[in-house]
file entry00.txt (compact mmCIF, C-alpha atoms and all ligand atoms)
# COMPACT_ATOMS: atom_id res chain seq x y z
CA MET A 32 0.00 0.00 0.00
CA SER A 33 1.19 3.52 -0.55
CA TYR A 34 0.67 7.09 0.48
CA GLU A 35 1.59 10.45 -0.99
CA LEU A 36 2.18 13.59 1.06
CA ILE A 37 2.00 16.91 -0.80
CA ASN A 38 3.18 20.29 0.52
CA GLY A 39 0.70 22.88 -0.79
CA ASN A 40 -2.70 24.52 -0.64
CA CYS A 41 -5.32 21.75 -0.91
CA PHE A 42 -7.64 23.81 -3.10
CA GLU A 43 -4.94 24.32 -5.73
CA VAL A 44 -3.43 20.83 -5.42
CA LEU A 45 -6.81 19.10 -5.81
CA GLU A 46 -7.79 21.17 -8.84
CA GLU A 47 -4.42 20.79 -10.56
CA ARG A 48 -3.36 17.22 -9.79
CA PHE A 49 -6.40 14.98 -9.43
CA PRO A 50 -9.18 14.05 -11.88
CA ASP A 51 -12.87 14.18 -10.95
CA ASN A 52 -14.49 11.09 -9.34
CA HIS A 53 -11.09 9.97 -8.03
CA PHE A 54 -11.11 9.54 -4.23
CA HIS A 55 -13.17 6.91 -2.40
CA ALA A 56 -13.42 8.84 0.90
CA VAL A 57 -12.20 11.90 2.78
CA VAL A 58 -11.23 11.69 6.45
CA THR A 59 -10.06 15.05 7.74
CA ASP A 60 -9.57 17.37 10.67
CA PRO A 61 -9.70 20.84 9.07
CA PRO A 62 -8.79 24.24 10.51
CA TYR A 63 -12.11 24.58 12.44
CA GLY A 64 -12.14 28.35 12.49
CA VAL A 65 -9.79 28.85 9.47
CA ILE A 66 -8.11 31.95 11.01
CA GLU A 67 -6.14 29.92 13.58
CA PHE A 68 -3.97 28.47 10.78
CA THR A 69 -3.27 31.73 8.95
CA GLU A 70 0.49 32.40 8.85
CA LYS A 71 0.16 35.23 11.38
CA ASN A 72 -1.65 33.14 14.00
CA VAL A 73 0.55 30.05 13.53
CA GLU A 74 3.60 32.26 14.10
CA LYS A 75 2.04 33.70 17.27
CA MET A 76 1.27 30.20 18.54
CA ARG A 77 4.84 29.05 17.84
CA ASN A 78 6.22 32.09 19.68
CA GLY A 79 3.88 31.41 22.62
CA VAL A 80 2.28 34.88 22.45
CA GLY A 81 -1.34 33.90 21.92
CA GLY A 82 -3.46 35.64 19.28
CA VAL A 83 -6.37 33.29 18.56
CA TRP A 84 -4.49 30.56 20.43
CA ARG A 85 -4.84 30.31 24.19
CA ILE A 86 -1.49 29.17 25.59
CA PRO A 87 -2.29 27.37 28.87
CA ALA A 88 0.01 27.84 31.84
CA GLU A 89 2.40 24.98 32.64
CA LEU A 90 1.01 22.61 35.26
CA ASP A 91 3.47 20.69 37.50
CA GLY A 92 6.17 21.27 34.88
CA ASN A 93 3.89 19.75 32.19
CA LYS A 94 3.30 21.84 29.10
CA ARG A 95 -0.33 21.70 27.92
CA LYS A 96 -1.09 22.19 24.26
CA PRO A 97 -2.43 25.51 22.94
CA LEU A 98 -6.19 25.76 22.23
CA PRO A 99 -7.77 28.01 19.62
CA ARG A 100 -10.48 30.34 21.02
CA PHE A 101 -13.38 30.36 18.58
CA THR A 102 -15.35 32.87 20.65
CA VAL A 103 -13.13 35.63 19.17
CA LEU A 104 -14.53 35.11 15.65
CA ASP A 105 -16.63 38.07 14.46
CA GLU A 106 -19.40 38.09 11.83
CA GLU A 107 -16.94 38.69 8.99
CA ASP A 108 -14.74 35.78 10.13
CA LYS A 109 -17.81 33.53 10.21
CA GLU A 110 -18.82 34.53 6.68
CA MET A 111 -15.29 33.79 5.50
CA LEU A 112 -15.44 30.44 7.32
CA GLU A 113 -18.70 29.48 5.63
CA GLU A 114 -17.30 30.46 2.24
CA PHE A 115 -14.16 28.37 2.95
CA PHE A 116 -16.30 25.27 3.66
CA ARG A 117 -18.55 25.95 0.66
CA LYS A 118 -15.43 26.02 -1.53
CA LEU A 119 -14.10 22.88 0.17
CA GLY A 120 -17.45 21.10 -0.27
CA THR A 121 -17.46 22.03 -3.97
CA VAL A 122 -13.97 20.71 -4.67
CA LEU A 123 -14.61 17.52 -2.65
CA GLU A 124 -17.91 16.98 -4.45
CA SER A 125 -16.09 16.87 -7.77
CA LYS A 126 -13.01 14.87 -6.67
CA LEU A 127 -14.96 12.18 -4.75
CA ARG A 128 -16.52 9.20 -6.46
CA PRO A 129 -20.33 9.11 -6.32
CA GLY A 130 -21.33 7.76 -2.88
CA GLY A 131 -17.93 8.70 -1.37
CA TYR A 132 -18.13 9.72 2.29
CA VAL A 133 -16.58 12.75 4.02
CA PHE A 134 -15.74 12.45 7.73
CA ILE A 135 -14.89 15.94 8.95
CA ALA A 136 -14.06 16.99 12.52
CA SER A 137 -15.65 20.16 13.86
CA THR A 138 -16.59 21.95 17.02
CA GLN A 139 -19.93 22.71 18.71
CA LEU A 140 -19.63 26.47 18.12
CA LEU A 141 -18.88 26.36 14.40
CA MET A 142 -20.21 23.12 12.90
CA HIS A 143 -23.35 24.76 11.50
CA HIS A 144 -21.15 26.92 9.24
CA VAL A 145 -19.42 23.81 7.91
CA SER A 146 -22.85 22.24 7.30
CA ASN A 147 -24.18 25.34 5.52
CA GLY A 148 -21.14 25.33 3.24
CA PHE A 149 -21.36 21.60 2.49
CA ASP A 150 -25.16 21.68 1.96
CA THR A 151 -24.75 24.52 -0.55
CA ALA A 152 -22.01 22.55 -2.32
CA GLY A 153 -24.42 19.66 -2.97
CA LEU A 154 -23.06 17.10 -0.49
CA GLU A 155 -25.66 15.04 1.45
CA ARG A 156 -25.71 15.26 5.24
CA ARG A 157 -25.78 11.75 6.77
CA ASP A 158 -25.10 12.07 10.53
CA VAL A 159 -23.05 13.76 13.25
CA LEU A 160 -20.66 11.34 14.95
CA VAL A 161 -20.06 11.92 18.63
CA ARG A 162 -16.47 11.36 19.70
CA GLU A 163 -16.32 11.19 23.47
CA THR A 164 -13.31 13.17 24.63
CA LYS A 165 -12.81 15.22 27.76
CA THR A 166 -11.39 18.66 26.95
CA LEU A 167 -10.51 21.74 28.96
CA ARG A 168 -12.88 23.93 26.94
CA GLY A 169 -15.83 25.67 28.61
CA GLY A 170 -17.05 25.24 32.17
CA ASP A 171 -15.40 28.47 33.40
CA ARG A 172 -16.99 30.81 35.91
CA PRO A 173 -18.11 34.21 34.45
CA LYS A 174 -15.26 36.69 33.98
CA GLY A 175 -14.90 38.84 37.12
CA ALA A 176 -16.92 36.32 39.20
CA HIS A 177 -14.35 36.52 42.02
CA ASP A 178 -15.92 39.93 42.89
CA HIS A 179 -19.35 38.25 43.08
CA PRO A 180 -19.41 35.33 45.54
CA GLU A 181 -23.12 34.89 44.71
CA PHE A 182 -22.05 33.74 41.17
CA ARG A 183 -19.59 31.08 42.38
CA ASP A 184 -21.83 28.24 41.30
CA VAL A 185 -22.32 29.52 37.75
CA SER A 186 -20.39 28.62 34.61
CA SER A 187 -20.65 30.48 31.33
CA MET A 188 -20.98 27.39 29.10
CA PRO A 189 -20.78 23.61 29.51
CA ARG A 190 -17.39 21.92 29.86
CA VAL A 191 -16.92 20.20 26.49
CA TYR A 192 -16.79 16.40 26.74
CA TRP A 193 -17.46 15.43 23.11
CA GLU A 194 -16.26 16.36 19.64
CA PRO A 195 -18.58 16.39 16.62
CA TRP A 196 -17.52 14.72 13.35
CA LEU A 197 -19.87 15.61 10.50
CA LEU A 198 -20.67 12.81 8.09
CA TYR A 199 -21.45 13.81 4.50
CA ARG A 200 -21.74 11.87 1.25
CA LYS A 201 -21.56 12.66 -2.44
CA PRO A 202 -24.93 11.70 -3.99
CA PHE A 203 -25.23 8.19 -5.43
CA ASP A 204 -25.20 6.95 -8.94
CA GLY A 205 -28.29 4.67 -9.00
CA ARG A 206 -29.08 2.37 -6.03
CA LEU A 207 -26.57 1.55 -3.26
CA VAL A 208 -25.72 -1.92 -4.62
CA GLU A 209 -25.16 -0.48 -8.10
CA ASN A 210 -23.01 2.30 -6.67
CA LEU A 211 -20.96 -0.23 -4.66
CA GLU A 212 -20.43 -2.32 -7.77
CA ARG A 213 -19.49 0.54 -10.04
CA TRP A 214 -17.58 2.85 -7.66
CA GLN A 215 -16.85 0.70 -4.54
CA THR A 216 -18.44 3.47 -2.44
CA GLY A 217 -21.76 4.47 -0.91
CA GLY A 218 -21.81 2.44 2.33
CA LEU A 219 -19.85 2.22 5.57
CA ARG A 220 -17.76 -0.79 6.58
CA ARG A 221 -19.30 -2.71 9.52
CA GLU A 222 -17.23 -3.22 12.67
CA SER A 223 -18.14 -6.91 12.69
CA ASP A 224 -20.84 -9.27 11.51
CA GLU A 225 -22.97 -8.37 14.53
CA ARG A 226 -22.18 -4.69 14.82
CA PRO A 227 -22.45 -1.96 12.16
CA PHE A 228 -20.33 1.19 12.41
CA THR A 229 -22.03 3.37 15.04
CA ASP A 230 -22.20 7.13 15.48
CA LEU A 231 -20.88 7.03 19.05
CA LEU A 232 -17.10 6.88 19.11
CA GLU A 233 -15.92 5.79 22.51
CA ASP A 234 -12.50 7.26 22.60
CA GLY A 235 -10.09 8.91 24.94
CA LYS A 236 -7.20 11.29 24.60
CA THR A 237 -4.27 11.06 22.19
CA PRO A 238 -1.78 8.68 23.87
CA LYS A 239 1.48 10.23 25.06
CA GLN A 240 3.46 7.81 22.88
CA GLU A 241 1.83 9.31 19.76
CA THR A 242 2.37 12.92 20.88
CA GLU A 243 6.02 12.10 21.48
CA ILE A 244 6.42 10.56 18.03
CA VAL A 245 5.08 13.78 16.51
CA ARG A 246 7.20 16.02 18.72
CA ASP A 247 10.32 14.05 17.73
CA ALA A 248 9.28 14.47 14.09
CA HIS A 249 9.58 18.29 14.36
CA PRO A 250 12.43 19.49 12.13
CA ALA A 251 13.95 21.91 14.73
CA GLU A 252 17.59 21.17 15.53
CA THR A 253 17.36 21.27 19.33
CA PRO A 254 14.82 19.19 21.33
CA ASP A 255 13.65 22.31 23.26
CA GLU A 256 12.37 23.90 20.07
CA ARG A 257 10.32 20.84 19.07
CA GLU A 258 6.54 20.92 19.61
CA ALA A 259 3.89 18.35 18.64
CA HIS A 260 1.07 19.49 16.33
CA PRO A 261 -1.57 21.17 18.57
CA ASN A 262 -4.39 19.11 17.01
CA LEU A 263 -2.92 15.62 16.77
CA LYS A 264 -5.75 13.03 16.65
CA PRO A 265 -5.34 9.54 18.15
CA GLN A 266 -4.53 6.57 15.92
CA TYR A 267 -7.33 4.52 17.48
CA LEU A 268 -9.96 7.06 16.39
CA MET A 269 -8.46 7.66 12.95
CA ARG A 270 -8.23 3.93 12.22
CA GLU A 271 -11.87 3.45 13.27
CA LEU A 272 -12.91 6.18 10.84
CA CYS A 273 -10.67 5.10 7.96
CA HIS A 274 -11.90 1.53 8.42
CA ALA A 275 -15.54 2.65 8.20
CA ALA A 276 -14.80 4.93 5.23
CA LEU A 277 -13.98 2.18 2.70
CA PRO A 278 -16.96 -0.22 2.61
CA LEU A 279 -15.16 -2.82 0.48
CA GLN A 280 -11.72 -2.19 2.03
CA GLU A 281 -10.39 -0.87 -1.26
CA GLY A 282 -9.73 2.60 -2.59
CA THR A 283 -7.88 5.81 -1.77
CA ILE A 284 -8.52 8.05 1.24
CA LEU A 285 -7.84 11.80 0.99
CA ASP A 286 -6.90 14.11 3.86
CA PRO A 287 -6.68 17.68 2.51
CA PHE A 288 -5.56 19.08 5.93
CA VAL A 289 -2.93 16.60 6.97
CA GLY A 290 -1.29 18.34 9.96
CA SER A 291 1.18 15.82 11.35
CA GLY A 292 -0.33 12.95 9.38
CA ALA A 293 -2.69 11.03 11.69
CA THR A 294 -5.15 10.07 8.88
CA ILE A 295 -2.37 8.99 6.54
CA ALA A 296 -0.72 6.88 9.26
CA ALA A 297 -4.08 5.25 10.04
CA SER A 298 -4.68 4.41 6.36
CA GLU A 299 -1.17 3.02 6.09
CA ALA A 300 -1.67 0.85 9.17
CA LEU A 301 -4.89 -0.52 7.70
CA GLY A 302 -3.28 -1.21 4.34
CA TYR A 303 -5.17 1.48 2.36
CA ASP A 304 -3.82 3.96 -0.18
CA SER A 305 -3.99 7.61 0.81
CA VAL A 306 -3.11 11.16 -0.21
CA GLY A 307 -2.45 13.96 2.29
CA ILE A 308 -2.00 17.69 1.64
CA GLU A 309 -0.49 20.20 4.09
CA LEU A 310 0.08 23.92 3.57
CA ASP A 311 2.55 24.67 6.37
CA ASP A 312 6.18 23.63 5.68
CA THR A 313 6.96 22.64 9.28
CA PHE A 314 3.80 20.54 9.74
CA TYR A 315 4.45 18.93 6.35
CA GLN A 316 7.95 17.86 7.41
CA MET A 317 6.54 16.59 10.71
CA ALA A 318 4.04 14.44 8.79
CA GLU A 319 6.79 13.07 6.55
CA ASN A 320 8.81 12.02 9.60
CA ALA A 321 5.90 10.91 11.81
CA VAL A 322 3.69 8.84 9.47
CA PRO A 323 5.86 5.68 9.33
CA ARG A 324 6.21 5.65 13.12
CA LEU A 325 2.54 6.44 13.88
CA ALA A 326 1.53 3.67 11.49
CA GLU A 327 3.40 1.16 13.66
CA VAL A 328 1.55 2.00 16.88
CA ASP A 329 -0.79 -0.75 18.11
CA THR A 330 -4.48 0.00 18.72
CA PRO A 331 -7.50 -2.28 19.41
CA VAL A 332 -8.85 -1.67 15.88
CA GLU A 333 -6.47 -4.18 14.28
CA ASP A 334 -7.86 -6.95 16.50
CA ARG A 335 -11.24 -6.82 14.76
CA ALA A 336 -12.30 -9.93 12.91
CA ASP A 337 -12.38 -8.54 9.38
CA PHE A 338 -8.76 -7.42 9.44
CA GLU A 339 -7.84 -10.92 8.41
CA HIS A 340 -9.30 -9.99 5.03
CA VAL A 341 -6.92 -7.06 4.57
CA GLU A 342 -3.98 -9.04 5.90
CA LYS A 343 -4.00 -11.16 2.74
CA ASP A 344 -3.02 -8.18 0.62
CA SER A 345 -1.12 -6.05 3.06
CA ALA A 346 2.41 -6.50 4.23
CA SER A 347 2.07 -3.67 6.78
CA LEU A 348 -0.47 -5.58 8.87
CA ALA A 349 2.07 -8.33 9.45
CA ASP A 350 3.66 -5.84 11.86
CA PHE A 351 0.78 -6.06 14.32
CA GLY A 352 1.07 -8.42 17.23
C1 LIG A 401 -6.54 20.75 12.59
S1 LIG A 401 -5.05 20.58 11.77
C2 LIG A 401 -4.92 18.86 11.39
C3 LIG A 401 -4.18 18.07 12.47
C4 LIG A 401 -4.15 16.58 12.21
N1 LIG A 401 -5.43 16.00 12.55
C5 LIG A 401 -3.09 15.83 13.02
O1 LIG A 401 -3.42 14.78 13.59
O2 LIG A 401 -1.96 16.31 13.10
C6 LIG A 401 -5.39 21.34 10.24
C7 LIG A 401 -4.17 21.48 9.32
O3 LIG A 401 -4.60 22.03 8.07
C8 LIG A 401 -3.55 22.82 7.55
N2 LIG A 401 -4.14 23.72 6.52
C9 LIG A 401 -4.85 24.87 6.71
N3 LIG A 401 -5.27 25.37 5.53
C10 LIG A 401 -4.82 24.51 4.56
C11 LIG A 401 -4.94 24.46 3.13
N4 LIG A 401 -5.61 25.41 2.46
N5 LIG A 401 -4.37 23.43 2.46
C12 LIG A 401 -3.70 22.44 3.13
N6 LIG A 401 -3.53 22.44 4.49
C13 LIG A 401 -4.09 23.45 5.19
C14 LIG A 401 -2.98 23.53 8.77
O4 LIG A 401 -1.65 23.98 8.56
C15 LIG A 401 -3.09 22.43 9.84
O5 LIG A 401 -1.89 21.72 10.01
call {"tool": "encode", "arguments": {"input": "entry00.txt", "output": "structure tokens"}}
result
Amino acid sequence: MSYELINGNCFEVLEERFPDNHFHAVVTDPPYGVIEFTEKNVEKMRNGVGGVWRIPAELDGNKRKPLPRFTVLDEEDKEMLEEFFRKLGTVLESKLRPGGYVFIASTQLLMHHVSNGFDTAGLERRDVLVRETKTLRGGDRPKGAHDHPEFRDVSSMPRVYWEPWLLYRKPFDGRLVENLERWQTGGLRRESDERPFTDLLEDGKTPKQETEIVRDAHPAETPDEREAHPNLKPQYLMRELCHAALPLQEGTILDPFVGSGATIAASEALGYDSVGIELDDTFYQMAENAVPRLAEVDTPVEDRADFEHVEKDSASLADFG
């Protein structure tokens, strides 16, 4: 199996390098608010001076990863965001095969803008997957509450304990069985004979081992300058999604916003072909270095019964114990 990593802007790369009806599925974790990955804000994050990124204080000598604050987005930012996802939906609609699925991570505050963009682009909404994950977002007392003891028991919004993944599909060509025959797309791979893929993803945090792999993959010369990608997703989750994304366990998965390469590593571990695109030079180099090592991490997904099927064609699965 093979993967290709491309350093560039996904909109241009997809238009210039890939024919229509090419990819079988998209599994991606995009810039949720778009502005957090503009050059200016990425530079601020790397220099630890904030901007859209909240840089949490160190706790017991442990550095916590920066979090983007989407509450700072104004009306103009939100219009730009919706336009970004409309444009993304349009390019994905032409590059996906009919019936191809899009799994796209989002956030409670902004997912309706992604949906509006994708709906306008002609993709079909299928579900919202709930990934259980305990974050440090929300749950704070109102600003200035220390001057108001009577407001001690109030928080301004819920503490966020789940992450939405929107599920979209390019419209079919005929009925599902015909679409599966002609394009190998249209359905979702079951977890087992008894259990279909479900929309509740029971999942925890990104394991430390994976964060360390990505930190080590940073191209900086000295270890002190190396940072993991702030949005690294766990291999367990990404393998669950990539597994569900190819109903017949064949085809190519696209991640247009590759970051440090979690989707590509998951596809590689499962024995699927994939293409990943990343705009930022540093993150691109991190993905190049991290993917082979992330692909070797063990997760419970490979123990599922139908992996025997892939094993026949895939040398990489021989690596799993
Ligand atoms: C949320 S992160 C993905 C992190 C990834 N899930 C991981 O595990 O490392 C989104 C990535 O998209 C990249 N990006 C933003 N705009 C892009 C564009 N137009 N084309 C390609 N990549 C882009 C950002 O640099 C960022 O690394």
call {"tool": "residues_near_ligand", "arguments": {"input": "entry00.txt", "ligand": "ligand LIG 401 (chain A)", "cutoff": "6 Å", "atoms": "all atoms listed in the file", "output": "list in words"}}
result
Gly39, Asn40, Cys41, Asp60, Pro61, Pro62, Phe68, His260, Asn262, Leu263, Lys264, Pro287, Phe288, Val289, Gly290, Ser291, Gly292, Ala293, Ile308, Glu309, Leu310, Asp311 and Phe314 of chain A
call {"tool": "closest_residue", "arguments": {"input": "entry00.txt", "among": "A:Leu325, A:Leu285, A:Ala248, A:Met317", "to": "Tyr267 (chain A)", "atoms": "all atoms listed in the file"}}
result
A:Leu325
call {"tool": "closest_residue", "arguments": {"input": "entry00.txt", "among": "A:Asp204, A:Asp234, A:Glu110, A:Asp178", "to": "Gly130 (chain A)", "atoms": "only C-alpha atoms"}}
result
A:Asp204
call {"tool": "closest_residue", "arguments": {"input": "entry00.txt", "among": "A:Val57, A:Lys174, A:Glu258, A:Gly148", "to": "Gly79 (chain A)", "atoms": "all atoms listed in the file"}}
result
A:Glu258
call {"tool": "closest_residue", "arguments": {"input": "entry00.txt", "among": "A:Gly170, A:Gly64, A:Gly217, A:Gly235", "to": "Ser186 (chain A)", "atoms": "only C-alpha atoms"}}
result
A:Gly170
call {"tool": "closest_residue", "arguments": {"input": "entry00.txt", "among": "A:Lys71, A:Lys201, A:His143, A:Lys109", "to": "Val122 (chain A)", "atoms": "all atoms listed in the file"}}
result
A:Lys201
call {"tool": "closest_residue", "arguments": {"input": "entry00.txt", "among": "A:Ser305, A:Gln266, A:Ser223, A:Asn78", "to": "Asp286 (chain A)", "atoms": "all atoms listed in the file"}}
result
A:Ser305
call {"tool": "atom_distance", "arguments": {"input": "entry00.txt", "atom1": "CA of Val44 (chain A)", "atom2": "CA of Gly307 (chain A)"}}
result
10.4 Å
call {"tool": "atom_distance", "arguments": {"input": "entry00.txt", "atom1": "CA of Arg85 (chain A)", "atom2": "CA of Pro195 (chain A)"}}
result
21.0 Å
call {"tool": "residues_around", "arguments": {"input": "entry00.txt", "residues": "region 224-232 of chain A", "least_positions_apart": "6", "cutoff": "10 Å", "atoms": "all atoms listed in the file", "output": "list in words"}}
result
Asp158, Val159, Leu160, Val161, Arg162, Glu163, Thr164, Trp193, Glu194, Pro195, Trp196, Leu198, Leu268, Glu271, Leu272, His274, Ala275, Ala276, Ala336 and Asp337 of chain A
call {"tool": "decode", "arguments": {"input": "entry00.txt", "residues": "region 103-121 of chain A", "atoms": "N, CA, C and O atoms", "output": "PDB file, in the first residue's frame"}}
result
ATOM      1  N   VAL A 103     -13.613  34.324  19.659  1.00  0.00           N
ATOM      2  CA  VAL A 103     -13.128  35.626  19.169  1.00  0.00           C
ATOM      3  C   VAL A 103     -13.552  35.889  17.720  1.00  0.00           C
ATOM      4  O   VAL A 103     -13.344  36.983  17.209  1.00  0.00           O
ATOM      5  N   LEU A 104     -14.153  34.907  17.060  1.00  0.00           N
ATOM      6  CA  LEU A 104     -14.527  35.112  15.653  1.00  0.00           C
ATOM      7  C   LEU A 104     -15.678  36.124  15.542  1.00  0.00           C
ATOM      8  O   LEU A 104     -16.677  35.992  16.255  1.00  0.00           O
ATOM      9  N   ASP A 105     -15.517  37.117  14.654  1.00  0.00           N
ATOM     10  CA  ASP A 105     -16.625  38.068  14.456  1.00  0.00           C
ATOM     11  C   ASP A 105     -17.453  37.646  13.226  1.00  0.00           C
ATOM     12  O   ASP A 105     -17.162  36.633  12.584  1.00  0.00           O
ATOM     13  N   GLU A 106     -18.478  38.459  12.910  1.00  0.00           N
ATOM     14  CA  GLU A 106     -19.400  38.086  11.826  1.00  0.00           C
ATOM     15  C   GLU A 106     -18.665  37.893  10.496  1.00  0.00           C
ATOM     16  O   GLU A 106     -18.955  36.987   9.729  1.00  0.00           O
ATOM     17  N   GLU A 107     -17.686  38.780  10.250  1.00  0.00           N
ATOM     18  CA  GLU A 107     -16.944  38.689   8.987  1.00  0.00           C
ATOM     19  C   GLU A 107     -16.131  37.386   8.927  1.00  0.00           C
ATOM     20  O   GLU A 107     -16.089  36.704   7.902  1.00  0.00           O
ATOM     21  N   ASP A 108     -15.494  37.041  10.070  1.00  0.00           N
ATOM     22  CA  ASP A 108     -14.737  35.779  10.130  1.00  0.00           C
ATOM     23  C   ASP A 108     -15.659  34.598   9.832  1.00  0.00           C
ATOM     24  O   ASP A 108     -15.282  33.646   9.146  1.00  0.00           O
ATOM     25  N   LYS A 109     -16.890  34.666  10.390  1.00  0.00           N
ATOM     26  CA  LYS A 109     -17.812  33.530  10.210  1.00  0.00           C
ATOM     27  C   LYS A 109     -18.276  33.419   8.765  1.00  0.00           C
ATOM     28  O   LYS A 109     -18.457  32.321   8.248  1.00  0.00           O
ATOM     29  N   GLU A 110     -18.454  34.578   8.112  1.00  0.00           N
ATOM     30  CA  GLU A 110     -18.822  34.533   6.679  1.00  0.00           C
ATOM     31  C   GLU A 110     -17.693  33.926   5.859  1.00  0.00           C
ATOM     32  O   GLU A 110     -17.908  33.112   4.965  1.00  0.00           O
ATOM     33  N   MET A 111     -16.469  34.304   6.221  1.00  0.00           N
ATOM     34  CA  MET A 111     -15.291  33.791   5.502  1.00  0.00           C
ATOM     35  C   MET A 111     -15.182  32.271   5.715  1.00  0.00           C
ATOM     36  O   MET A 111     -14.896  31.512   4.798  1.00  0.00           O
ATOM     37  N   LEU A 112     -15.487  31.860   6.949  1.00  0.00           N
ATOM     38  CA  LEU A 112     -15.440  30.439   7.316  1.00  0.00           C
ATOM     39  C   LEU A 112     -16.450  29.627   6.489  1.00  0.00           C
ATOM     40  O   LEU A 112     -16.143  28.562   5.945  1.00  0.00           O
ATOM     41  N   GLU A 113     -17.656  30.182   6.377  1.00  0.00           N
ATOM     42  CA  GLU A 113     -18.697  29.480   5.627  1.00  0.00           C
ATOM     43  C   GLU A 113     -18.319  29.379   4.144  1.00  0.00           C
ATOM     44  O   GLU A 113     -18.529  28.342   3.505  1.00  0.00           O
ATOM     45  N   GLU A 114     -17.733  30.445   3.642  1.00  0.00           N
ATOM     46  CA  GLU A 114     -17.296  30.456   2.238  1.00  0.00           C
ATOM     47  C   GLU A 114     -16.172  29.423   2.029  1.00  0.00           C
ATOM     48  O   GLU A 114     -16.132  28.705   1.027  1.00  0.00           O
ATOM     49  N   PHE A 115     -15.258  29.344   3.013  1.00  0.00           N
ATOM     50  CA  PHE A 115     -14.161  28.373   2.952  1.00  0.00           C
ATOM     51  C   PHE A 115     -14.735  26.952   2.841  1.00  0.00           C
ATOM     52  O   PHE A 115     -14.309  26.146   2.010  1.00  0.00           O
ATOM     53  N   PHE A 116     -15.748  26.634   3.673  1.00  0.00           N
ATOM     54  CA  PHE A 116     -16.298  25.273   3.662  1.00  0.00           C
ATOM     55  C   PHE A 116     -17.214  25.034   2.454  1.00  0.00           C
ATOM     56  O   PHE A 116     -17.365  23.909   2.003  1.00  0.00           O
ATOM     57  N   ARG A 117     -17.788  26.111   1.905  1.00  0.00           N
ATOM     58  CA  ARG A 117     -18.552  25.946   0.661  1.00  0.00           C
ATOM     59  C   ARG A 117     -17.582  25.576  -0.469  1.00  0.00           C
ATOM     60  O   ARG A 117     -17.819  24.654  -1.246  1.00  0.00           O
ATOM     61  N   LYS A 118     -16.444  26.289  -0.491  1.00  0.00           N
ATOM     62  CA  LYS A 118     -15.431  26.016  -1.526  1.00  0.00           C
ATOM     63  C   LYS A 118     -14.861  24.602  -1.358  1.00  0.00           C
ATOM     64  O   LYS A 118     -14.662  23.871  -2.321  1.00  0.00           O
ATOM     65  N   LEU A 119     -14.625  24.234  -0.089  1.00  0.00           N
ATOM     66  CA  LEU A 119     -14.102  22.884   0.172  1.00  0.00           C
ATOM     67  C   LEU A 119     -15.118  21.831  -0.271  1.00  0.00           C
ATOM     68  O   LEU A 119     -14.773  20.855  -0.944  1.00  0.00           O
ATOM     69  N   GLY A 120     -16.393  22.046   0.121  1.00  0.00           N
ATOM     70  CA  GLY A 120     -17.450  21.098  -0.266  1.00  0.00           C
ATOM     71  C   GLY A 120     -17.517  20.951  -1.778  1.00  0.00           C
ATOM     72  O   GLY A 120     -17.681  19.845  -2.306  1.00  0.00           O
ATOM     73  N   THR A 121     -17.367  22.065  -2.501  1.00  0.00           N
ATOM     74  CA  THR A 121     -17.464  22.034  -3.967  1.00  0.00           C
ATOM     75  C   THR A 121     -16.327  21.218  -4.573  1.00  0.00           C
ATOM     76  O   THR A 121     -16.547  20.369  -5.439  1.00  0.00           O
TER      77      THR A 121
END
